[in-house]
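Some notes on the structure that comes next.
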Amino acid sequence: MVITRFPPSPTGHLHLGGARTALFNWLFSKHNKGKFILRFEDTDKERSKPEYVESVKASLKWLGLNWDEGPYFQSERIKIYHQYAQKLFEEGKAYYCECPKEVLEQKKKEMLAKGLKPKYDKICREKKLEPKPGRALRIKAPELGEIVFEDLLRGKIVFSAEEIDDFIIIRSDGMPTYNFAVVIDDITMSITHIIRGDDHISNTPKQILIYKALEINPPKFVHIPMVLGPDGTRLSKRHGAKSILEYKEAGFLPNALINYLARLGWGYGDQEYFTIEELIEKFDLKNINLSPARFDQDKLLAFNAYWMRNSSSKYLLNHVKPFLKNYDLNKFSEDYILSAIETVKIRTKTLIEMAEMMNFYLTEDIIYDIDGAKKFLLPEIAPILGKIAQDLKELPLEEKILENYLRTLAETSGMKFKNIAQAIRVALTGKTVSPGLFEIIKVLGKEKTVERIKKAIEYIKGL
RNA sequence: GCCCCCAUCGUCUAGUGGACUAGGAUACUGGCCUCUCACGCCAGAGACACGGGUUCGAAUCCCGUUGGGGGCGCCA
């Protein structure tokens, strides 16, 4: 069985890059009817915060990336790491080191200054030090030869043993380091495929060394390219973004974000739009691109707009509700709101825009746009509006019939159809931009329509 | 500095030696549709980083150069 995992460190909110890594792991496991595990890597006591755990979980849930197992916390698994560390120590594959941090740092600086690769000088390697508080445990790395691993996307990747030093696996405070904890977790959780950002490629040989020392076969490695900011540098706060939850608040649909993220670095012929089900069905590691992808806000917006206009009104209602907090939705029937959504969904790119455009459906308090009123609510139109308000009572609410009626009226009255239409639009919505006039009337119903037209007549008279 | 990864329109991508006059999406421009705004439709502009090979033939394979990204922690 395929088992993948997503191992964030709870030192920040879930961002786009992390979400995409989670998505690829999730899709791969779903595609193979396997398992997806959530694990928090919280061995950094200083920076890990419970609130980030909650935030990451909330983000994944919102995106629909549910985990089958976990969440596990590395901080609760310290004993396990120590067992494996003990084994390596006893077998002479790891040794304790008493070098003070400051000395190590100083040496590192000096090597860097000389243009050398900073490496531990192994002075404790043969000291045969016993475990003692304050001593770190280092792995004995090979001094010669090559460390090779197979990446499912990139093939063989080779590092010279000289590149890898005797790195620390248990810190002097007893906490495992990242490279050690990951390996032990992946072993004990039976992870079959490690799908992660390619910034981890250079960690992989270190991890391979641990697998070797433990005499355990490593899982498959899949290093996916990272997500870059629009300027081609690593995605960061500088780019104005953003935790996943911020996209939620900005009015994005989770499936649009998923679709966009999936297409960032992955392709399936010329197809752009995928439902979650299609992604699960069609996702394939082979189609992952090798070069880093830039995040493009415009394209995300386009995906969102696409899913806004192509999702059911029911689905949209669920997601737009939080943006409609200022209205008392209980005053309206669900059918009314759904029909309203139906008319606005092709015209809005985000849920925020949708909520804004729905304003006139949900309030009686129509405030006229100043320029619009000035331009269209003119004295000469008042009598015609009056006639419409009168006639409307007799007309069926059919778009074609209404339109024919209004066109005829325009002809007989000598007014331009366009001007009458705009006047009614301003009367009904307060704006010069809105869904189609007859759609609106149909949704609003006769009563509200007539009432609003009459108010507009009053307004004109009051000028 | 050293090591690793990568390289097709601005951006996301299709392309796995001949079907390439390099396709799609997005953004942009023009037009059509039209009660406004959208949607939709049509058209336009826009890329194989460069230099060498291999081959009858290269966007595609190899080498180099350049460029971009990542790593070099008792962070993850």
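In the structure tokens, the first chain shown is A, the next is B, and so on; residue numbers restart at 1 for each chain, and ligands run from 1 in the order shown.
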(request) Pull out every residue of chain A sitting within 8 Å of chain B, counting only C-alpha atoms (C1' of nucleotides), and send them as number ranges by chain. (result) A: 9, 41, 44, 101, 112, 114-118, 136, 159, 163, 168, 170-172, 177-178, 198-203, 232-233, 263-265, 267, 269-272, 290-294, 296, 298-299, 302, 346-348, 417-418, 421-422, 432-437
(request) Please report, as an MDAnalysis selection string, each residue of stretch 295-366 of chain A to which DSSP assigns helix (DSSP H, G or I) when run on this structure's backbone. (result) chainID A and resid 297:310 313:324 329:331 334:347 351:357 359:362
(message) If we count only C-alpha atoms (C1' of nucleotides) and set the cut-off at 7 Å, which residues sit around A:Phe36, ignoring sequence neighbours fewer than 4 positions away in its own chain? Please answer as a ChimeraX atom specification.
(response) /A:3-5,26,29,67-69
Would you export the selected residues with N, CA and C atoms as a PDB file, in the first residue's frame, please?
ATOM      1  N   ILE A   3       1.812   4.762   1.185  1.00  0.00           N
ATOM      2  CA  ILE A   3       1.599   5.638   2.345  1.00  0.00           C
ATOM      3  C   ILE A   3       2.446   6.888   2.179  1.00  0.00           C
ATOM      4  N   THR A   4       1.781   8.029   2.161  1.00  0.00           N
ATOM      5  CA  THR A   4       2.505   9.299   2.059  1.00  0.00           C
ATOM      6  C   THR A   4       2.267  10.096   3.341  1.00  0.00           C
ATOM      7  N   ARG A   5       3.014  11.161   3.453  1.00  0.00           N
ATOM      8  CA  ARG A   5       2.832  11.976   4.658  1.00  0.00           C
ATOM      9  C   ARG A   5       3.068  13.429   4.321  1.00  0.00           C
ATOM     10  N   TRP A  26      -1.285  13.996  -0.995  1.00  0.00           N
ATOM     11  CA  TRP A  26      -2.671  13.557  -0.829  1.00  0.00           C
ATOM     12  C   TRP A  26      -3.189  12.909  -2.103  1.00  0.00           C
ATOM     13  N   SER A  29      -1.603   9.520  -2.813  1.00  0.00           N
ATOM     14  CA  SER A  29      -2.124   8.439  -1.976  1.00  0.00           C
ATOM     15  C   SER A  29      -3.558   8.079  -2.367  1.00  0.00           C
ATOM     16  N   TRP A  67      -6.591  13.859   6.408  1.00  0.00           N
ATOM     17  CA  TRP A  67      -5.558  12.861   6.674  1.00  0.00           C
ATOM     18  C   TRP A  67      -6.202  11.607   7.225  1.00  0.00           C
ATOM     19  N   ASP A  68      -5.584  10.456   6.879  1.00  0.00           N
ATOM     20  CA  ASP A  68      -6.133   9.176   7.305  1.00  0.00           C
ATOM     21  C   ASP A  68      -5.571   8.753   8.648  1.00  0.00           C
ATOM     22  N   GLU A  69      -4.469   9.385   9.035  1.00  0.00           N
ATOM     23  CA  GLU A  69      -3.810   8.975  10.274  1.00  0.00           C
ATOM     24  C   GLU A  69      -3.104  10.180  10.875  1.00  0.00           C
TER      25      GLU A  69
END
(message) Taking 4 positions as the minimum chain separation for residues in the same chain, which residues sit within 12 Å of A:Leu317 when counting only C-alpha atoms (C1' of nucleotides)? Answer as a ChimeraX atom specification.
(response) /A:253,308,311-313,321-324,329,334-342,344-345,351,354-355,358
